[in-house]
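Undergrad: Have a look at the structure that comes next, please.
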Amino acid sequence: MFSHVCIGVGDFERALAFYSAQAEALGLRPRFLDREHPWAGWQPAEGDRPLFVINAPHDGHAATPGNGQMTAFMAADRATVDRCHALALSMGGTCEGPPGLRPEYHANYYGAYFRDPDGNKLCVCCHDALEPAEG
């Protein structure tokens with residue numbers, strides 16, 4: 001459905017470290033990195049799209065987060081949601097909602113909300129039911 005999502009950042013190197021850690025935890029692979037322009041992108045392990053891109057705004061003005069805008073990443077499982085939220089907070093992000101079930105969305109929606117160091121709102125979520133315990 002989406003070709004790419006692009007987020008403007010104010011401190012490219014700080015954002016690169018923040019999003020590289022998130023991408024690794026989510027199993028995304030780097031697509032490109034160009035510090036001269038500056039921008040970087042990641043893609044799913046199994047395909048070329050959609051892309052997630054960070055960049056300094058092309059118009060030369062300061063990057064500012066939009067109110068009401070959010071980018072949500074799909075996680076393979078609930079443990080990955082937890083790990084990404086903890087990673088975000090450890091790297092200068094701020095909590096906008098801790099990991100947990102959000103039954104108001106649907107019975108199995110498990111998500112965490114946070115802002116990156118530039119103030120962009122992000123979500124990492126899993127839509128799958130918990131696997132039954134083996135035993």
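Identifiers in this document derive from the order of the structure tokens: chains are assigned A, B, ..., residues are numbered from 1 separately in each chain, and ligands are numbered from 1 in order of occurrence.
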Hey, what's within 10 Å of range 18-20 of chain A if we count only C-alpha atoms and toss same-chain stuff fewer than 6 positions away? As a ChimeraX atom specification, please?

TA: /A:12,26,28-30,40-42,52-54,87-93,116-117

Undergrad: As a count of residues only, please: all residues of chain A that backbone DSSP puts in strand (DSSP E or B).

TA: 47

Undergrad: Quick one: DSSP helix (DSSP H, G or I) residues in chain A, as a list in words?

TA: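 Output for chain A, helix (DSSP H, G or I) only: Phe12, Glu13, Arg14, Ala15, Leu16, Ala17, Phe18, Tyr19, Ser20, Ala21, Gln22, Ala23, Glu24, Ala25, Leu26, Arg78, Ala79, Thr80, Val81, Asp82, Arg83, Cys84, His85, Ala86, Leu87, Ala88, Leu89 and Ser90 of chain A.
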
Undergrad: For a quick check of understanding, using only C-alpha atoms, which of A:Ala25, A:Cys6, A:Cys95, A:Cys125 has the smallest distance to Pro44 in chain A?

TA: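 The shortest atom-to-atom distance to Pro44 in chain A comes from A:Ala25.
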
Undergrad: Counting only C-alpha atoms, which residue out of A:Arg35, A:His58, A:Arg78, A:His85 sits closest to Ala21 in chain A?

TA: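 Nearest to Ala21 in chain A: A:His85.
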
Undergrad: For each of A:Gly111, A:Pro38, A:Pro65, A:Gly47, take the minimum atom-to-atom distance to Pro99 in chain A, counting only C-alpha atoms, then give the residue where this is smallest.

TA: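 When distances to Pro99 in chain A are compared using only C-alpha atoms, the smallest one comes from A:Gly111.
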
Undergrad: Fewer than 3 positions away in the same chain doesn't count, so skip those; otherwise give me all residues within 10 Å of Glu96 in chain A, counting only C-alpha atoms, as a PyMOL selection string.

TA: chain A and resi 85+93+99+112-115+121-123

Undergrad: Could you work out how far CA of Arg31 in chain A lies from CA of His61 in chain A, giving the answer in Å with one decimal?

TA: 25.4 Å

Undergrad: CA of Pro98 in chain A and CA of Arg14 in chain A are how many Å apart?

TA: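 One can read the CA of Pro98 in chain A to CA of Arg14 in chain A distance as 22.7 Å.
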
Undergrad: When you look at Asp118 in chain A with a cut-off of 8 Å (counting only C-alpha atoms), what residues show up, excluding the ones that are within fewer than 2 positions of it in the same chain? I need them as a list in words.

TA: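 These residues fall inside the cut-off: Val9, Gly10, Asp11, Ala15, Ala63, Thr64, Pro65, Arg115, Asp116 and Asn120 of chain A.
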
Undergrad: Grab the residues selected above and save them as an mmCIF file, in the first residue's frame with C-alpha atoms.

TA:
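So selection_37.cif came out as:
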data_model
loop_
_atom_site.group_PDB
_atom_site.id
_atom_site.type_symbol
_atom_site.label_atom_id
_atom_site.label_comp_id
_atom_site.auth_asym_id
_atom_site.auth_seq_id
_atom_site.Cartn_x
_atom_site.Cartn_y
_atom_site.Cartn_z
ATOM 1 C CA VAL A 9 15.087 15.017 11.570
ATOM 2 C CA GLY A 10 17.106 17.830 13.111
ATOM 3 C CA ASP A 11 20.243 15.964 14.173
ATOM 4 C CA ALA A 15 18.519 10.092 14.369
ATOM 5 C CA ALA A 63 12.429 19.653 10.984
ATOM 6 C CA THR A 64 9.254 19.819 13.054
ATOM 7 C CA PRO A 65 6.947 16.941 13.973
ATOM 8 C CA ARG A 115 8.585 9.964 20.308
ATOM 9 C CA ASP A 116 12.038 10.046 18.775
ATOM 10 C CA ASN A 120 8.216 12.483 15.838
#

Undergrad: Which of these residues is nearest to Asn67 in chain A, using only C-alpha atoms: A:Val5, A:Gly119, A:Ala45, A:Val124?

TA: A:Gly119

Undergrad: What does the distance from CA of Ala56 in chain A to CA of His37 in chain A come to in Å, to one decimal?

TA: 7.8 Å

Undergrad: Please provide as an mmCIF file with C-alpha atoms, in the first residue's frame all residues within 6 Å of Pro57 in chain A, with the sequence filter that same-chain residues fewer than 2 positions apart are discarded (counting only C-alpha atoms).

TA:
data_model
loop_
_atom_site.group_PDB
_atom_site.id
_atom_site.type_symbol
_atom_site.label_atom_id
_atom_site.label_comp_id
_atom_site.auth_asym_id
_atom_site.auth_seq_id
_atom_site.Cartn_x
_atom_site.Cartn_y
_atom_site.Cartn_z
ATOM 1 C CA GLY A 8 12.376 14.875 8.924
ATOM 2 C CA ASP A 59 13.945 23.164 2.088
ATOM 3 C CA GLY A 60 16.700 23.839 4.634
#
